[in-house]
Amino acid sequence: MASQMSFKDLAEQILKKYPDTSLPMRWKEATISDPDPKPSAFWVRESNDLLNIVWLTDSDVRDITWFPDIKVSTLIILRYSAITGFQVRESIDVGRSHELNVSGNYLVSVYSKGEHGGLYWVASNRKEEEELRDFIAEFAKKIG
């Protein structure tokens with residue numbers, strides 16, 4: 001599906017499912033400087049307990065998230081120069097054990113200077129795990 005449509009079209013198709021949330025506003029904020037993003041890589045998780053749309057630009061990683069249980073959306077834009085590293089954890093239901101309260105056995109934590117909020121990506125199934133591993137490979141290249 002993603003290969004047949006642009007990243008922007010895919011993201012907007014997903015966002016149309018959440019019109020009565022603040023998530024579309026997070027997308028607008030994230031794309032204000034680049035209304036038609038063409039990321040070098042992206043990763044999407046859409047499940048009952050979390051929606052995550054993450055993409056890599058030339059200078060930063062952008063992450064918009066929707067937590068349906070608590071009805072909260074977030075936007076994080078983190079410059080590569082501020083990233084100090086990342087950690088991968090793989091264990092049964094690691095997303096819940098890491099206090100993120102989301103399902104999944106594959107967790108990536110991104111560390112940055114200052115640590116004002118954090119980036120956490122949790123894959124909820126095998127397909128997402130494979131896609132997240134591919135995304136992380138591209139992310140590692142960006143942060144050096």
# chains A, B, ... in the order shown; residues from 1 in each chain; ligands from 1
>>> residues_around(residues="segment 98-113 of chain A", least_positions_apart="3", cutoff="10 Å", atoms="only C-alpha atoms", output="VMD selection string")
chain A and resid 47 to 50 67 69 78 to 95 116 to 126 128 to 130 132 to 133 136
>>> write_last_selection(atoms="C-alpha atoms", output="mmCIF file, in the first residue's frame")
data_model
loop_
_atom_site.group_PDB
_atom_site.id
_atom_site.type_symbol
_atom_site.label_atom_id
_atom_site.label_comp_id
_atom_site.auth_asym_id
_atom_site.auth_seq_id
_atom_site.Cartn_x
_atom_site.Cartn_y
_atom_site.Cartn_z
ATOM 1 C CA SER A 47 -3.430 -0.056 16.506
ATOM 2 C CA ASN A 48 -6.178 0.177 19.114
ATOM 3 C CA ASP A 49 -3.825 1.581 21.746
ATOM 4 C CA LEU A 50 -1.520 3.843 19.704
ATOM 5 C CA PHE A 67 -2.937 7.894 22.490
ATOM 6 C CA ASP A 69 -7.066 5.778 25.776
ATOM 7 C CA LEU A 78 14.121 16.248 17.087
ATOM 8 C CA ARG A 79 17.190 17.458 15.209
ATOM 9 C CA TYR A 80 19.732 14.750 14.467
ATOM 10 C CA SER A 81 22.456 16.869 16.086
ATOM 11 C CA ALA A 82 20.576 16.642 19.413
ATOM 12 C CA ILE A 83 20.372 12.845 19.353
ATOM 13 C CA THR A 84 22.953 11.014 21.419
ATOM 14 C CA GLY A 85 21.848 7.471 20.567
ATOM 15 C CA PHE A 86 19.081 4.918 20.767
ATOM 16 C CA GLN A 87 18.330 1.626 22.462
ATOM 17 C CA VAL A 88 16.430 -1.401 21.187
ATOM 18 C CA ARG A 89 14.648 -3.706 23.634
ATOM 19 C CA GLU A 90 12.947 -6.907 22.628
ATOM 20 C CA SER A 91 10.886 -8.880 25.123
ATOM 21 C CA ILE A 92 7.352 -10.116 25.606
ATOM 22 C CA ASP A 93 5.078 -7.069 25.985
ATOM 23 C CA VAL A 94 8.034 -4.717 26.483
ATOM 24 C CA GLY A 95 5.815 -1.725 25.658
ATOM 25 C CA HIS A 116 12.669 17.154 27.020
ATOM 26 C CA GLY A 117 10.283 14.368 26.213
ATOM 27 C CA GLY A 118 11.443 11.277 24.473
ATOM 28 C CA LEU A 119 10.908 9.254 21.382
ATOM 29 C CA TYR A 120 9.670 5.724 21.885
ATOM 30 C CA TRP A 121 8.546 3.458 19.109
ATOM 31 C CA VAL A 122 6.861 0.143 19.844
ATOM 32 C CA ALA A 123 5.931 -2.345 17.153
ATOM 33 C CA SER A 124 2.652 -4.134 17.861
ATOM 34 C CA ASN A 125 3.099 -7.095 15.491
ATOM 35 C CA ARG A 126 5.702 -8.917 13.373
ATOM 36 C CA GLU A 128 5.593 -3.584 12.229
ATOM 37 C CA GLU A 129 8.724 -5.057 13.827
ATOM 38 C CA GLU A 130 10.231 -5.685 10.388
ATOM 39 C CA LEU A 132 10.623 -0.613 12.384
ATOM 40 C CA ARG A 133 13.916 -2.501 12.007
ATOM 41 C CA ILE A 136 15.954 2.108 12.460
#
>>> atom_distance(atom1="atom CA of Leu75 of chain A", atom2="atom CA of Ala137 of chain A")
22.3 Å
>>> atom_distance(atom1="atom CA of Ile64 of chain A", atom2="atom CA of Ile14 of chain A")
12.0 Å
>>> select_by_dssp(residues="chain A", states="helix (DSSP H, G or I)", output="NGL selection string")
:A and (2-4 or 7-15 or 23-30 or 80-82 or 94-97 or 126-143)
